[in-house]
Amino acid sequence: MTQIQYDLIIAGAGPAGMTAAVYAARKGLNVCLVSKDFGGQVAWTMGIENYMGFQYIESAQLIEKFREQVEQFPVDLKTGETIVSLSRLEGGFELGTDRSNSYRSRALIIATGKRPRRLDVPGEERLQGRGVTYCAICDGPVFAGEKVVVVGGGNSALEAADDMVNLAEHIYLVTADPDFRADQILIDRAKKAPNLTMLMEHEVVEIQGADRVEGVLLRRPKKEYLKVDAAGVLVEIGLIPNSEFARGVARLNELGEITINCCCGTEIPGLFAAGDVTNILEKQIVVAAGEGAKAAIQAHRYLQRVRMHGGSPA
């Protein structure tokens with residue numbers, strides 16, 4: 001039998017992964033946490049107003065609080081590594097990273113989250129967290145009384161614009177398509193908003209600003225350009241699950257999300273998943289943290305069954 005180094009590996013160090021690490025370590029498991037960085041999607045937001053215990057907290061502060069709690073326990077932290085492969089072994093799993101390292105365990109929790117689909121325009125990366133956001137629910141209130149640009153033509157973009165109607169001074173709803181790909185009720189609501197301008201067939205060319213977002217340069221259908229002043233850019237063009245490495249092992253849905261049951265389990269014994277990388281309905285920090293706790297508890301129970309039955313989870 002292949003020698004297994006860890007009881008449990010947790011892939012990803014966002015709210016789900018870090019919460020899972022704390023719960024698993026408290027159960028006395030030998031835990032390894034593998035991730036490119038700490039924070040996950042939380043790091044893409046500016047401030048958080050809907051996480052219990054804090055009326056408002058900056059994303060960096062919340063990430064640091066999560067990290068400090070993880071570091072109170074003997075969790076083996078392997079950060080700065082991107083997971084590129086997942087294999088099943090006899091009695092466990094093996095993760096491979098872009099640093100040519102491999103880690104083995106009897107149980108595995110995938111909590112790698114999602115990454116925003118980016119515009120890939122000048123100024124976007126530089127002003128990320130300085131007016132550019134990918135979470136309207138998280139950051140919308142930050143732009144109260146300001147002019148904002150919402151980019152996208154689907155339900156998420158229309159919902160973000162609707163959320164901003166009572167907060168922002170003015171909303172520019174920008175889509176490169178000639179028509180919205182959203183529910184009609186959302187489109188009708190946007191059309192009635194007195195402080196919302198729809199800019200169809202407009203493409204974002206550049207996000208401008210020195211230290212913070214100051215405006216957006218758009219290209220019109222006839223290659224004409226339009227500059228709009230704005231303090232915020234809410235990018236709502238979709239999210240991509242960080243699940244490519246698990247393809248062929250875990251079952252993915254049509255969106256690329258890992259399919260789990262109500263206990264965060266997959267069809268494979270010992271393989272669990274939690275947070276935004278899964279098919280759970282709501283993608284929120286507090287939900288991801290709760291799912292991470294559930295996954296760790298279930299992984300511990302699985303490992304207990306394995307030990308009781310001499311290596312078999314039955």
# chains A, B, ... in the order shown; residues from 1 in each chain; ligands from 1
>>> residues_around(residues="A:Thr133", least_positions_apart="3", cutoff="10 Å", atoms="only C-alpha atoms", output="count of residues only")
19
>>> residues_around(residues="stretch 106-110 of chain A", least_positions_apart="5", cutoff="9 Å", atoms="only C-alpha atoms", output="JSON, numbers by chain")
{"A": [4, 5, 6, 7, 8, 9, 10, 11, 12, 17, 20, 89, 91, 92, 93, 94, 243, 246, 258, 264, 269, 270, 271, 272, 273, 274, 275, 277, 278, 292, 295, 296, 299, 300, 302, 303]}
>>> closest_residue(among="A:Lys294, A:Gln69, A:Thr197, A:Gln284", to="A:Asn261", atoms="only C-alpha atoms")
A:Lys294
>>> select_by_dssp(residues="stretch 193-229 of chain A", states="strand (DSSP E)", output="list in words")
Leu196, Thr197, Met198, Leu199, Met200, Glu203, Val204, Val205, Glu206, Ile207, Gln208, Gly215, Val216, Leu217, Leu218, Arg219, Tyr225, Leu226, Lys227, Val228 and Asp229 of chain A
>>> write_last_selection(atoms="N, CA, C and O atoms", output="compact mmCIF listing (two decimals), in the first residue's frame")
# COMPACT_ATOMS: atom_id res chain seq x y z
N LEU A 196 -30.08 55.25 -14.01
CA LEU A 196 -29.35 54.19 -14.69
C LEU A 196 -29.35 54.43 -16.19
O LEU A 196 -30.41 54.68 -16.79
N THR A 197 -28.17 54.36 -16.79
CA THR A 197 -28.02 54.50 -18.23
C THR A 197 -27.53 53.18 -18.82
O THR A 197 -26.51 52.65 -18.38
N MET A 198 -28.27 52.66 -19.80
CA MET A 198 -27.87 51.43 -20.48
C MET A 198 -26.99 51.77 -21.67
O MET A 198 -27.38 52.59 -22.52
N LEU A 199 -25.84 51.15 -21.73
CA LEU A 199 -24.92 51.37 -22.84
C LEU A 199 -24.71 50.03 -23.55
O LEU A 199 -23.81 49.26 -23.22
N MET A 200 -25.58 49.75 -24.53
CA MET A 200 -25.51 48.50 -25.28
C MET A 200 -24.42 48.58 -26.35
O MET A 200 -24.14 49.66 -26.88
N GLU A 203 -17.93 48.45 -25.44
CA GLU A 203 -16.87 47.58 -24.95
C GLU A 203 -15.92 48.38 -24.05
O GLU A 203 -15.50 49.49 -24.41
N VAL A 204 -15.59 47.82 -22.90
CA VAL A 204 -14.64 48.47 -22.01
C VAL A 204 -13.24 48.35 -22.61
O VAL A 204 -12.76 47.25 -22.90
N VAL A 205 -12.59 49.49 -22.80
CA VAL A 205 -11.26 49.53 -23.39
C VAL A 205 -10.19 49.73 -22.33
O VAL A 205 -9.10 49.14 -22.39
N GLU A 206 -10.50 50.56 -21.32
CA GLU A 206 -9.51 50.86 -20.29
C GLU A 206 -10.21 51.34 -19.03
O GLU A 206 -11.23 52.03 -19.10
N ILE A 207 -9.66 50.96 -17.88
CA ILE A 207 -10.11 51.49 -16.60
C ILE A 207 -9.05 52.49 -16.16
O ILE A 207 -7.87 52.15 -16.05
N GLN A 208 -9.47 53.71 -15.92
CA GLN A 208 -8.52 54.79 -15.70
C GLN A 208 -8.53 55.27 -14.25
O GLN A 208 -9.53 55.17 -13.55
N GLY A 215 -12.41 56.67 -13.85
CA GLY A 215 -13.27 56.64 -15.03
C GLY A 215 -13.02 55.40 -15.87
O GLY A 215 -12.09 54.62 -15.62
N VAL A 216 -13.86 55.25 -16.90
CA VAL A 216 -13.77 54.10 -17.79
C VAL A 216 -13.86 54.59 -19.23
O VAL A 216 -14.73 55.41 -19.57
N LEU A 217 -12.98 54.07 -20.06
CA LEU A 217 -13.01 54.39 -21.49
C LEU A 217 -13.73 53.27 -22.22
O LEU A 217 -13.36 52.10 -22.09
N LEU A 218 -14.76 53.64 -22.98
CA LEU A 218 -15.58 52.68 -23.71
C LEU A 218 -15.43 52.89 -25.21
O LEU A 218 -15.21 54.02 -25.68
N ARG A 219 -15.58 51.78 -25.96
CA ARG A 219 -15.59 51.88 -27.42
C ARG A 219 -17.00 51.58 -27.92
O ARG A 219 -17.58 50.55 -27.62
N TYR A 225 -15.25 56.56 -29.27
CA TYR A 225 -14.91 56.34 -27.87
C TYR A 225 -15.73 57.24 -26.96
O TYR A 225 -16.09 58.36 -27.32
N LEU A 226 -16.03 56.71 -25.78
CA LEU A 226 -16.80 57.44 -24.78
C LEU A 226 -16.11 57.28 -23.43
O LEU A 226 -15.80 56.17 -23.01
N LYS A 227 -15.87 58.39 -22.75
CA LYS A 227 -15.27 58.37 -21.41
C LYS A 227 -16.37 58.68 -20.40
O LYS A 227 -17.08 59.67 -20.53
N VAL A 228 -16.53 57.81 -19.42
CA VAL A 228 -17.49 58.07 -18.34
C VAL A 228 -16.74 58.14 -17.02
O VAL A 228 -15.83 57.35 -16.76
N ASP A 229 -17.09 59.14 -16.23
CA ASP A 229 -16.49 59.28 -14.91
C ASP A 229 -17.16 58.31 -13.95
O ASP A 229 -18.39 58.16 -13.95
>>> closest_residue(among="A:Pro221, A:Gly14, A:Gly265, A:Gly290", to="A:Leu62", atoms="only C-alpha atoms")
A:Gly14
>>> closest_residue(among="A:Leu158, A:Ala111, A:Val42, A:Cys135", to="A:Ile171", atoms="only C-alpha atoms")
A:Leu158
